[in-house]
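Heads up, target-v5.txt below (compact mmCIF, C-alpha atoms and all ligand atoms):
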# COMPACT_ATOMS: atom_id res chain seq x y z
CA MET Y 280 -22.25 5.14 -34.17
CA SER Y 281 -19.73 5.91 -36.93
CA ASP Y 282 -19.23 9.44 -38.22
CA GLU Y 283 -20.94 8.48 -41.48
CA GLN Y 284 -23.96 7.02 -39.67
CA GLY Y 285 -24.10 10.13 -37.54
CA ILE Y 286 -24.11 12.36 -40.63
CA ARG Y 287 -26.88 10.32 -42.25
CA ARG Y 288 -28.95 10.37 -39.08
CA ARG Y 289 -28.61 14.15 -38.85
CA GLN Y 290 -29.58 14.48 -42.53
CA ILE Y 291 -32.74 12.44 -42.02
CA LEU Y 292 -33.65 14.17 -38.77
CA GLY Y 293 -32.92 17.56 -40.27
CA THR Y 294 -35.18 16.90 -43.23
CA ALA Y 295 -37.96 15.45 -41.11
CA ALA Y 296 -37.71 18.39 -38.73
CA ALA Y 297 -37.92 20.81 -41.66
CA GLY Y 298 -41.11 19.06 -42.78
CA VAL Y 299 -42.66 19.32 -39.31
CA PHE Y 300 -41.62 22.99 -39.15
CA ALA Y 301 -43.30 23.69 -42.49
CA VAL Y 302 -46.53 22.03 -41.32
CA ALA Y 303 -46.40 23.98 -38.03
CA CYS Y 304 -45.94 27.25 -39.94
CA ARG Y 305 -48.87 26.51 -42.22
CA SER Y 306 -51.22 25.67 -39.34
CA LYS Y 307 -50.09 28.76 -37.40
CA ALA Y 308 -50.71 30.96 -40.40
CA SER Y 309 -54.20 29.56 -40.88
CA SER Y 310 -55.09 29.82 -37.18
CA ASP Y 311 -53.74 33.41 -37.00
CA ALA Y 312 -55.84 34.54 -39.93
CA ALA Y 313 -58.84 36.67 -38.97
CA PRO Y 314 -62.18 35.10 -39.88
CA ALA Y 315 -63.41 36.39 -43.22
CA PRO Y 316 -66.39 38.73 -42.96
CA ALA Y 317 -69.63 37.46 -44.45
CA PRO Y 318 -70.10 39.10 -47.87
CA SER Y 319 -72.93 41.62 -48.01
CA PRO Y 320 -75.31 41.34 -50.95
CA SER Y 321 -73.88 44.56 -52.45
CA ALA Y 322 -70.17 43.74 -51.84
CA PRO Y 323 -67.97 43.36 -54.95
CA PRO Y 324 -66.66 39.83 -55.59
CA SER Y 325 -63.42 39.16 -53.70
CA PRO Y 326 -60.28 39.04 -55.83
CA ALA Y 327 -59.04 35.59 -56.91
CA PRO Y 328 -56.22 34.24 -54.73
CA ALA Y 329 -52.72 34.88 -56.08
CA ALA Y 330 -51.70 32.15 -58.55
CA ALA Y 331 -49.17 29.65 -57.25
CA LYS Y 332 -45.69 30.02 -58.75
CA GLN Y 333 -45.44 28.02 -61.97
CA GLY Y 334 -42.61 25.55 -62.33
CA LYS Y 335 -40.68 24.65 -65.45
CA LEU Y 336 -41.57 21.60 -67.57
CA PRO Y 337 -40.16 18.56 -65.75
CA CYS Y 338 -38.43 17.25 -68.88
CA PRO Y 339 -38.33 17.91 -72.64
CA ALA Y 340 -41.73 17.46 -74.31
CA ASP Y 341 -40.30 14.70 -76.54
CA PHE Y 342 -38.80 12.75 -73.62
CA ALA Y 343 -40.76 9.58 -74.53
CA GLU Y 344 -39.10 9.45 -77.98
CA ILE Y 345 -36.05 7.38 -77.16
CA ALA Y 346 -32.92 7.65 -79.34
CA PRO Y 347 -32.45 4.75 -81.79
CA ALA Y 348 -30.52 1.64 -80.85
CA ARG Y 349 -26.81 1.58 -81.74
CA PRO Y 350 -25.61 -1.47 -83.69
CA TYR Y 351 -23.23 -3.60 -81.65
CA GLN Y 352 -19.63 -2.46 -81.97
CA PRO Y 353 -16.86 -4.07 -79.91
CA GLY Y 354 -14.95 -1.73 -77.61
CA ARG Y 355 -17.29 1.24 -77.87
CA VAL Y 356 -17.16 3.79 -75.05
CA VAL Y 357 -20.25 5.92 -74.39
CA PRO Y 358 -19.93 9.04 -72.21
CA LEU Y 359 -22.60 10.07 -69.71
CA ALA Y 360 -22.16 13.27 -67.69
CA LEU Y 361 -24.75 14.10 -65.05
CA GLU Y 362 -25.08 17.16 -62.82
CA ALA Y 363 -27.03 16.94 -59.58
CA SER Y 364 -29.09 19.98 -58.57
CA GLU Y 365 -31.75 21.13 -56.16
CA GLY Y 366 -32.84 24.54 -54.94
CA ASP Y 367 -35.21 27.29 -56.02
CA ALA Y 368 -34.44 27.02 -59.74
CA GLU Y 369 -35.58 23.40 -59.76
CA LEU Y 370 -39.31 24.06 -59.28
CA ILE Y 371 -41.14 21.82 -61.79
CA GLN Y 372 -44.77 21.69 -62.87
CA ILE Y 373 -45.95 18.11 -62.19
CA SER Y 374 -49.59 18.73 -63.17
CA ALA Y 375 -51.73 21.57 -64.44
CA ASP Y 376 -52.13 22.96 -60.93
CA LYS Y 377 -49.23 21.55 -58.89
CA SER Y 378 -45.62 22.67 -58.79
CA TYR Y 379 -42.94 20.69 -56.98
CA GLN Y 380 -39.52 21.49 -55.55
CA SER Y 381 -37.44 18.86 -57.34
CA MET Y 382 -33.99 17.42 -56.89
CA ASN Y 383 -32.74 16.24 -60.26
CA PHE Y 384 -30.03 15.26 -62.68
CA ASN Y 385 -29.34 17.71 -65.53
CA GLY Y 386 -32.28 19.93 -64.56
CA GLN Y 387 -34.96 17.44 -65.53
CA VAL Y 388 -37.32 14.79 -64.10
CA PRO Y 389 -36.91 12.05 -65.21
CA ALA Y 390 -33.19 12.38 -65.88
CA PRO Y 391 -31.92 11.79 -69.45
CA THR Y 392 -32.34 8.26 -70.79
CA LEU Y 393 -29.09 6.42 -71.53
CA ARG Y 394 -29.33 3.95 -74.41
CA VAL Y 395 -26.38 1.65 -75.02
CA THR Y 396 -25.79 -1.81 -76.45
CA GLU Y 397 -24.67 -4.93 -74.64
CA GLY Y 398 -20.88 -4.76 -74.35
CA ASP Y 399 -20.64 -0.96 -74.41
CA GLN Y 400 -18.53 0.73 -71.76
CA VAL Y 401 -20.07 3.76 -70.05
CA ARG Y 402 -17.66 6.55 -69.10
CA PHE Y 403 -19.63 8.21 -66.32
CA SER Y 404 -19.22 11.44 -64.38
CA LEU Y 405 -21.38 13.06 -61.72
CA THR Y 406 -20.86 16.68 -60.71
CA ASN Y 407 -22.66 17.87 -57.61
CA LYS Y 408 -23.95 21.37 -58.35
CA GLY Y 409 -26.39 21.31 -55.42
CA PHE Y 410 -26.31 22.23 -51.74
CA LEU Y 411 -26.71 18.64 -50.46
CA PRO Y 412 -24.71 15.44 -50.94
CA HIS Y 413 -25.78 13.30 -53.91
CA SER Y 414 -24.73 10.02 -55.52
CA ILE Y 415 -25.53 7.55 -58.29
CA ASP Y 416 -26.82 3.98 -58.44
CA PHE Y 417 -27.06 2.31 -61.87
CA HIS Y 418 -29.11 -0.88 -61.68
CA ALA Y 419 -27.54 -1.80 -65.04
CA ALA Y 420 -24.00 -1.78 -63.65
CA GLN Y 421 -22.12 -4.31 -61.56
CA THR Y 422 -19.75 -2.29 -59.42
CA PRO Y 423 -19.07 -1.96 -55.68
CA TRP Y 424 -21.55 0.24 -53.82
CA SER Y 425 -18.83 1.01 -51.29
CA LYS Y 426 -16.63 2.47 -54.04
CA ASN Y 427 -18.78 4.08 -56.74
CA TYR Y 428 -22.21 4.63 -55.20
CA GLN Y 429 -21.09 6.79 -52.28
CA SER Y 430 -22.31 10.35 -51.79
CA ILE Y 431 -20.23 13.27 -52.95
CA ALA Y 432 -20.34 16.69 -51.33
CA PRO Y 433 -21.47 19.87 -53.11
CA GLY Y 434 -18.83 20.93 -55.64
CA GLN Y 435 -17.28 17.46 -55.90
CA LYS Y 436 -17.04 15.26 -59.00
CA LEU Y 437 -17.24 11.47 -59.20
CA GLU Y 438 -15.97 9.50 -62.21
CA PHE Y 439 -15.97 5.79 -63.00
CA GLU Y 440 -16.55 3.40 -65.88
CA TRP Y 441 -18.84 0.42 -66.10
CA THR Y 442 -19.69 -2.11 -68.78
CA ALA Y 443 -23.24 -2.95 -69.86
CA HIS Y 444 -22.87 -6.73 -69.68
CA HIS Y 445 -26.60 -7.51 -69.75
CA PRO Y 446 -29.40 -6.24 -71.96
CA GLY Y 447 -32.31 -4.73 -70.09
CA VAL Y 448 -34.51 -1.82 -69.09
CA PHE Y 449 -33.02 -0.43 -65.90
CA MET Y 450 -33.54 2.30 -63.35
CA TYR Y 451 -30.80 4.63 -62.20
CA HIS Y 452 -31.14 6.99 -59.28
CA CYS Y 453 -29.47 8.96 -56.52
CA GLY Y 454 -28.85 6.73 -53.52
CA THR Y 455 -28.05 9.34 -50.88
CA PRO Y 456 -30.02 9.05 -47.62
CA PRO Y 457 -32.84 9.55 -47.16
CA VAL Y 458 -33.00 7.69 -50.47
CA ILE Y 459 -36.80 7.87 -50.50
CA MET Y 460 -36.56 11.67 -50.68
CA HIS Y 461 -33.88 11.85 -53.37
CA ILE Y 462 -35.97 9.47 -55.52
CA ALA Y 463 -39.41 10.95 -54.85
CA ASP Y 464 -37.98 14.41 -55.47
CA GLY Y 465 -36.95 13.36 -58.97
CA MET Y 466 -33.42 11.94 -59.06
CA TYR Y 467 -34.08 8.98 -61.35
CA GLY Y 468 -33.93 7.92 -64.98
CA ALA Y 469 -33.83 4.95 -67.35
CA VAL Y 470 -30.99 2.97 -68.90
CA VAL Y 471 -31.86 0.83 -71.91
CA VAL Y 472 -29.26 -1.78 -72.85
CA ASP Y 473 -30.06 -3.34 -76.22
CA PRO Y 474 -28.99 -6.92 -76.90
CA LYS Y 475 -26.09 -7.50 -79.32
CA LYS Y 476 -28.55 -9.16 -81.69
CA PRO Y 477 -30.71 -6.22 -82.79
CA ARG Y 478 -34.42 -6.25 -82.11
CA PRO Y 479 -36.87 -5.86 -85.02
CA SER Y 480 -37.73 -2.26 -85.81
CA ALA Y 481 -40.64 -0.73 -83.89
CA ARG Y 482 -42.16 2.54 -82.71
CA GLU Y 483 -40.34 2.93 -79.41
CA PHE Y 484 -41.20 4.92 -76.32
CA VAL Y 485 -39.66 5.21 -72.87
CA ILE Y 486 -42.06 5.61 -69.96
CA VAL Y 487 -40.78 6.30 -66.43
CA GLN Y 488 -43.39 6.16 -63.70
CA GLY Y 489 -42.78 8.22 -60.55
CA GLU Y 490 -44.67 9.42 -57.48
CA PHE Y 491 -44.73 12.93 -56.01
CA TYR Y 492 -45.59 13.85 -52.43
CA GLY Y 493 -46.83 17.29 -51.40
CA THR Y 494 -44.59 20.01 -52.78
CA GLY Y 495 -41.29 18.13 -52.40
CA HIS Y 496 -38.73 17.29 -49.66
CA ASP Y 497 -41.54 15.96 -47.40
CA VAL Y 498 -40.00 12.76 -46.00
CA ASN Y 499 -42.87 12.20 -43.57
CA ALA Y 500 -45.38 12.18 -46.44
CA MET Y 501 -43.13 9.91 -48.51
CA LEU Y 502 -42.87 7.44 -45.63
CA ASN Y 503 -46.44 7.52 -44.39
CA LYS Y 504 -48.90 9.03 -46.84
CA PRO Y 505 -50.24 8.22 -50.30
CA ALA Y 506 -48.73 10.07 -53.23
CA ASP Y 507 -50.46 13.24 -54.43
CA VAL Y 508 -49.44 12.89 -58.07
CA VAL Y 509 -48.30 9.81 -60.00
CA ALA Y 510 -46.91 10.60 -63.42
CA PHE Y 511 -45.49 9.06 -66.56
CA ASN Y 512 -42.34 11.03 -67.45
CA GLY Y 513 -42.66 13.67 -64.78
CA ARG Y 514 -46.01 15.28 -65.46
CA ALA Y 515 -49.54 14.02 -64.76
CA LEU Y 516 -51.73 13.32 -67.81
CA GLN Y 517 -49.27 14.92 -70.28
CA TYR Y 518 -50.00 12.28 -72.95
CA GLN Y 519 -53.72 12.89 -72.68
CA ALA Y 520 -53.10 16.42 -73.82
CA LYS Y 521 -50.58 15.29 -76.47
CA PRO Y 522 -50.98 11.58 -77.28
CA LEU Y 523 -48.12 9.35 -78.39
CA THR Y 524 -48.71 8.17 -81.96
CA ALA Y 525 -48.26 5.00 -84.02
CA LYS Y 526 -49.84 3.22 -86.97
CA VAL Y 527 -52.20 0.27 -87.32
CA GLY Y 528 -50.17 -2.96 -87.47
CA GLU Y 529 -46.93 -1.29 -86.35
CA THR Y 530 -45.19 -2.77 -83.32
CA VAL Y 531 -45.18 -0.32 -80.43
CA ARG Y 532 -42.37 -1.07 -78.00
CA PHE Y 533 -42.59 0.46 -74.54
CA PHE Y 534 -39.49 0.55 -72.34
CA VAL Y 535 -41.09 1.05 -68.92
CA VAL Y 536 -39.23 1.85 -65.69
CA ASN Y 537 -41.01 2.18 -62.38
CA ALA Y 538 -38.99 4.65 -60.30
CA GLY Y 539 -41.48 4.41 -57.41
CA PRO Y 540 -40.33 4.97 -54.74
CA ASN Y 541 -43.24 3.10 -53.17
CA ALA Y 542 -45.93 1.84 -55.54
CA PHE Y 543 -46.03 -1.07 -57.95
CA SER Y 544 -46.97 -0.27 -61.52
CA ALA Y 545 -49.51 -2.46 -63.30
CA PHE Y 546 -48.79 -1.38 -66.88
CA HIS Y 547 -51.76 -1.91 -69.16
CA VAL Y 548 -53.18 -0.64 -72.45
CA ILE Y 549 -56.95 -0.25 -72.56
CA GLY Y 550 -58.26 -1.87 -75.74
CA GLY Y 551 -55.07 -3.82 -76.45
CA LEU Y 552 -52.97 -6.82 -75.42
CA PHE Y 553 -49.21 -7.08 -75.17
CA HIS Y 554 -48.06 -9.87 -77.49
CA HIS Y 555 -44.46 -9.86 -76.21
CA VAL Y 556 -43.14 -8.87 -72.80
CA GLU Y 557 -39.66 -9.09 -71.32
CA ILE Y 558 -39.38 -8.67 -67.55
CA ASP Y 559 -36.58 -6.16 -66.90
CA GLY Y 560 -36.20 -5.93 -70.69
CA ASN Y 561 -34.06 -9.03 -71.01
CA PRO Y 562 -34.80 -11.46 -73.88
CA GLN Y 563 -34.19 -14.38 -71.47
CA ASN Y 564 -37.24 -13.23 -69.50
CA ALA Y 565 -39.66 -13.25 -72.43
CA PHE Y 566 -43.37 -13.93 -72.16
CA GLY Y 567 -46.13 -14.15 -74.75
CA MET Y 568 -49.50 -12.54 -74.33
CA ARG Y 569 -49.93 -10.42 -71.19
CA GLN Y 570 -52.86 -8.17 -70.30
CA THR Y 571 -51.11 -6.28 -67.47
CA VAL Y 572 -47.42 -6.18 -66.60
CA ASP Y 573 -46.46 -5.81 -62.95
CA ILE Y 574 -43.35 -3.67 -62.48
CA ALA Y 575 -41.93 -3.34 -58.98
CA PRO Y 576 -40.40 -0.07 -57.76
CA GLY Y 577 -36.86 -0.18 -59.11
CA ALA Y 578 -37.70 -2.59 -61.94
CA GLY Y 579 -38.36 -2.32 -65.66
CA ALA Y 580 -40.07 -4.10 -68.53
CA LEU Y 581 -40.21 -4.18 -72.30
CA CYS Y 582 -43.83 -4.37 -73.50
CA GLU Y 583 -44.74 -4.80 -77.18
CA ILE Y 584 -48.19 -4.29 -78.63
CA ARG Y 585 -49.84 -3.96 -82.05
CA PHE Y 586 -53.23 -2.51 -82.90
CA ARG Y 587 -55.79 -3.89 -85.35
CA GLU Y 588 -57.87 -0.71 -85.63
CA ALA Y 589 -57.26 3.02 -85.68
CA GLY Y 590 -58.41 4.90 -82.61
CA ARG Y 591 -57.32 6.08 -79.20
CA TYR Y 592 -55.99 3.64 -76.62
CA PRO Y 593 -55.21 4.76 -73.06
CA PHE Y 594 -52.08 3.39 -71.36
CA VAL Y 595 -52.30 3.32 -67.58
CA THR Y 596 -51.15 1.71 -64.41
CA HIS Y 597 -54.09 -0.53 -63.58
CA LYS Y 598 -53.51 0.39 -59.94
CA PHE Y 599 -56.29 2.85 -60.45
CA ASN Y 600 -55.72 5.22 -57.58
CA ASP Y 601 -52.38 6.01 -59.25
CA ALA Y 602 -53.90 6.13 -62.75
CA THR Y 603 -56.41 8.66 -61.44
CA LYS Y 604 -53.60 10.70 -59.87
CA GLY Y 605 -51.97 11.16 -63.26
CA ALA Y 606 -50.41 7.91 -64.50
CA THR Y 607 -52.63 7.79 -67.57
CA GLY Y 608 -51.72 8.58 -71.17
CA LEU Y 609 -53.12 8.12 -74.66
CA LEU Y 610 -51.85 6.35 -77.76
CA GLU Y 611 -53.29 7.68 -81.01
CA ILE Y 612 -53.29 4.91 -83.62
CA THR Y 613 -53.83 6.06 -87.22
CU CU Y 701 -29.52 13.02 -54.41
Go through the file and emit its structure as structure tokens.
Ligand SMILES: [Cu+2]
Amino acid sequence: MSDEQGIRRRQILGTAAAGVFAVACRSKASSDAAPAPAPSPSAPPSPAPAAAKQGKLPCPADFAEIAPARPYQPGRVVPLALEASEGDAELIQISADKSYQSMNFNGQVPAPTLRVTEGDQVRFSLTNKGFLPHSIDFHAAQTPWSKNYQSIAPGQKLEFEWTAHHPGVFMYHCGTPPVIMHIADGMYGAVVVDPKKPRPSAREFVIVQGEFYGTGHDVNAMLNKPADVVAFNGRALQYQAKPLTAKVGETVRFFVVNAGPNAFSAFHVIGGLFHHVEIDGNPQNAFGMRQTVDIAPGAGALCEIRFREAGRYPFVTHKFNDATKGATGLLEIT
């Protein structure tokens, strides 16, 4: 076994062992607790249990509102600087009642969306501000894994440039083992590469689907158990509380990335039909009418839809266990 393999094996075993230890501590605590006395008819009501610690919002409230496309311009260089973090300050609120110990880029889940145009050069840097090794993997780039996608230690900085040769809707993520943990804990985002020939104007939204397991860092749950929360843009049901909006007759263009790490997304709008779909967001992969768009973990899609009548239209993954766990939002059409 090489040194690197040995390090990775110890990382995985260390994390798995930490998970087992946490479970053991919880079961010991519950078995050590004295049985609660039966309340007497005159006893005052017992105090409510202490509220769980609230996490910060996973990402900015306007995360879905993607920046406008940039007209094609030969030789343009676009900077992207990411900082990897984990630790106590990275507790995020993934639903009304669940907080989660995230790992993330730039303090948010999903990470910031990068929007560039075919031909742009991305000047990228990653600074590791965490306590663990981290790395980057851009699905939009074509660059050696052995050179640019390797882990960097805490305190280190990685820099390289890549060119967006192909239009598309792409995932990027941390690829440090155990990859399943770095993804499920929140180290992912979207890259949208627009074609040189501009698309017609539309109301545009970016949706990144991701799964959360337990309270974070639980590799055993990620490997073997169903997700506890499945969310669009980091928080369950957030667009039920605050719907995305568009107008009757306007083209709504969804850039959808499925970060996984494990479940397919079956992207669907209840009460509507997509009239134009591009698998992975590339115009060469265009389809006409689609009712539901299957998006594998690590894949993306561009889904366009127009509405004939005002009203509310839910957007979901039609894999309904995941829709019920939070991957459901609302479009308000006026
Ligand atoms: Cu990482």
Pairwise distance for CA of Thr613 in chain Y and CA of Lys521 in chain Y, rounded to one decimal in Å: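 So the answer is 14.5 Å.
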Around ligand CU 701 (chain Y), at most 10 Å away and counting only C-alpha atoms and all ligand atoms, which residues are there? Put them as a compact mmCIF listing (two decimals) with C-alpha atoms, in the frame of the given file, please.
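Contents of pocket32.txt, as written:
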# COMPACT_ATOMS: atom_id res chain seq x y z
CA ALA Y 363 -27.03 16.94 -59.58
CA SER Y 364 -29.09 19.98 -58.57
CA GLU Y 365 -31.75 21.13 -56.16
CA MET Y 382 -33.99 17.42 -56.89
CA ASN Y 383 -32.74 16.24 -60.26
CA PHE Y 384 -30.03 15.26 -62.68
CA ASN Y 407 -22.66 17.87 -57.61
CA GLY Y 409 -26.39 21.31 -55.42
CA LEU Y 411 -26.71 18.64 -50.46
CA PRO Y 412 -24.71 15.44 -50.94
CA HIS Y 413 -25.78 13.30 -53.91
CA SER Y 414 -24.73 10.02 -55.52
CA ILE Y 415 -25.53 7.55 -58.29
CA SER Y 430 -22.31 10.35 -51.79
CA ILE Y 431 -20.23 13.27 -52.95
CA HIS Y 452 -31.14 6.99 -59.28
CA CYS Y 453 -29.47 8.96 -56.52
CA GLY Y 454 -28.85 6.73 -53.52
CA THR Y 455 -28.05 9.34 -50.88
CA PRO Y 456 -30.02 9.05 -47.62
CA PRO Y 457 -32.84 9.55 -47.16
CA VAL Y 458 -33.00 7.69 -50.47
CA ILE Y 459 -36.80 7.87 -50.50
CA MET Y 460 -36.56 11.67 -50.68
CA HIS Y 461 -33.88 11.85 -53.37
CA ILE Y 462 -35.97 9.47 -55.52
CA ASP Y 464 -37.98 14.41 -55.47
CA GLY Y 465 -36.95 13.36 -58.97
CA MET Y 466 -33.42 11.94 -59.06
CA TYR Y 467 -34.08 8.98 -61.35
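Residues surrounding range 328-342 of chain Y within 9 Å are Ser325, Ile345, Ala368, Glu369, Leu370, Ile371, Gln372, Ile373, Asp376, Lys377, Ser378, Tyr379, Gln380, Ser381, Gly386, Gln387, Val388, Pro389, Ala390, Pro391, Thr392, Phe484, Val485, Ile486, Asn512, Gly513, Arg514 and Gln517 of chain Y [only C-alpha atoms; sequence separation below 3 positions excluded].
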Y:Leu610, Y:Ala575, Y:Ala375, Y:Ala515 ranked by distance to Asn541 in chain Y, top pick (using all atoms listed in the file): Y:Ala575
Go ahead and compute the interatomic distance for CA of Leu405 in chain Y and CA of Val357 in chain Y, in Å to one decimal. 14.6 Å
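Look at Pro477 in chain Y: the protein and nucleic acid residues within 10 Å of it, using all atoms listed in the file and passing over chain neighbours fewer than 3 places away, are Ala348, Arg349, Pro350, Tyr351, Thr396, Asp473, Pro474 and Ser480 of chain Y.
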